[in-house]
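Enquirer: Sharing a structure below in structure tokens format, with a few things to ask.
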Amino acid sequence: MKLILLGAPGAGKGTQATKIAEKYGIPHISTGDIFRKNIKEGTPVGLKAKSYIDKGQLVPDEVTCELVKGRLAESDCANGFLLDGFPRNVFQAATLDGMTDIDAVINIDVDHEALTERITGRRVCAKCGESYHVSVKKDGKCDKCDGELIQRDDDKVETVKSRLEVYNSSTKPLIAYYEKTGKLKTVDGMQSVQDVFRDIVKALS
Ligand code: AMP
């Protein structure tokens, strides 16, 4: 199954992506995770991406599309994949159309008033990347690997505003783009993690 996960920053894409990838046995491809790994390792892609990510802007399309093209050509993607955070604008979506045929696009819909609080309260494991919210996770340690929970630099309130603006201007139009293809499945993201996941599985069946 070749899937795309759409949704604003803070909609819960990463959390659901892990569960979807596990259930359907497909690789979870998060362009944000790939960029963060490259930044950590100091690669040329990481150096290019960092200044954009720090400002809450999109990394240029040519860098991002090349990266995704290379990743989709890897053998583990032969039977499908889940794209999380790509495409993020119409140009990237059209480029993806030229690479492969997508089976379904899942859009996680969340009230926009909830997003800033969700993002600024997010803490991620420095070791494995699992994410939590400070309102329910007080001990600062990852349940999965005991790693330290930290706040992503771009989850700080200064950057969140521009990330949400970029979502509204560049990424939101993808809802209409994929609606036209008949492949869009919108689920209510204001429910519990389990209920959102149940609705995604139902939408894909
Ligand atoms: P994410 O982890 O998906 O929230 O992505 C974090 C940051 O990485 C975004 O705010 C962008 O700066 C960059 N990024 C991730 N995916 C893309 C993409 N498809 N196109 C351009 N920039 C991206």
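Residues in the structure tokens are numbered from 1 in each chain, the chains being A, B, ... in the order shown, and ligands are numbered from 1 in the order shown.
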Write out as an MDAnalysis selection string each polymer residue (protein, DNA or RNA) that has an atom no more than 7 Å from ligand 1, with only C-alpha atoms and all ligand atoms counted.
Expert: chainID A and resid 9 30:33 35 52:53 56:61 64 84:88 163
Enquirer: Which residues in region 31-169 of chain A does DSSP call strand (DSSP E or B)? List them as a PyMOL selection string.
Expert: chain A and resi 81-84+104-109+122-125+131-133+141+148-150
Enquirer: Extract, using only C-alpha atoms, all DNA, RNA and protein residues at most 7 Å from region 112-127 of chain A, discarding same-chain residues fewer than 3 positions from it, and format them as a count of residues only.
Expert: 17
Enquirer: Taking only C-alpha atoms into account, which of A:Lys185, A:Asp153, A:Glu165, A:Gly14 comes nearest Asp199 (chain A)?
Expert: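 Looking only at the distances to Asp199 (chain A), the closest residue turns out to be A:Lys185.
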Enquirer: Expressed in Å to a single decimal, how great is the separation between CA of Ser162 (chain A) and CA of Val187 (chain A)?
Expert: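 Separation between CA of Ser162 (chain A) and CA of Val187 (chain A): 24.9 Å.
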Enquirer: Please list as a PyMOL selection string every residue within 10 Å of Asn38 (chain A), counting only C-alpha atoms and excluding residues in the same chain fewer than 5 positions away.
Expert: chain A and resi 32-33+43-50
Enquirer: Ala104 (chain A): which residues within 10 Å, counting only C-alpha atoms, same-chain residues fewer than 5 positions away excluded, as a PyMOL selection string?
Expert: chain A and resi 1-5+82+178+181-185+203-204
Enquirer: Could you jot down the CA of Gly25 (chain A) to CA of Ile102 (chain A) separation for me, Å, one decimal place?
Expert: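 Separation between CA of Gly25 (chain A) and CA of Ile102 (chain A): 16.4 Å.
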Enquirer: Between A:Gly80, A:Arg71, A:Asn89, A:Asp143, which has the minimum distance to Tyr167 (chain A) (counting only C-alpha atoms)?
Expert: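 So, comparing all the options, the nearest one is A:Asn89.
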Enquirer: Of the candidates A:Val166, A:Ile106, A:Ile175, A:Val90, which shows the shortest atom-to-atom distance to Val201 (chain A), using only C-alpha atoms?
Expert: A:Ile106
Enquirer: Within 7 Å of Val110 (chain A), counting only C-alpha atoms, which residues qualify if same-chain residues fewer than 3 places away don't, as a list in words?
Expert: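 Surrounding residues, per the criterion: Ala11, Asp188, Gly189 and Met190 of chain A.
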Enquirer: Grab the CA of Ile34 (chain A) to CA of Glu22 (chain A) distance for me, in Å with one decimal place.
Expert: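 Value for the CA of Ile34 (chain A)-CA of Glu22 (chain A) distance: 18.6 Å.
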Enquirer: Using DSSP on the backbone coordinates, identify the residues of chain A assigned to helix (DSSP H, G or I); present them as a PyMOL selection string.
Expert: chain A and resi 13-24+31-41+44-55+61-72+75-77+90-97+112-120+153-155+157-171+173-179+193-204
Enquirer: Using only C-alpha atoms, which residue out of A:Gly129, A:Glu74, A:Thr95, A:Thr100 lies closest to Arg152 (chain A)?
Expert: A:Gly129
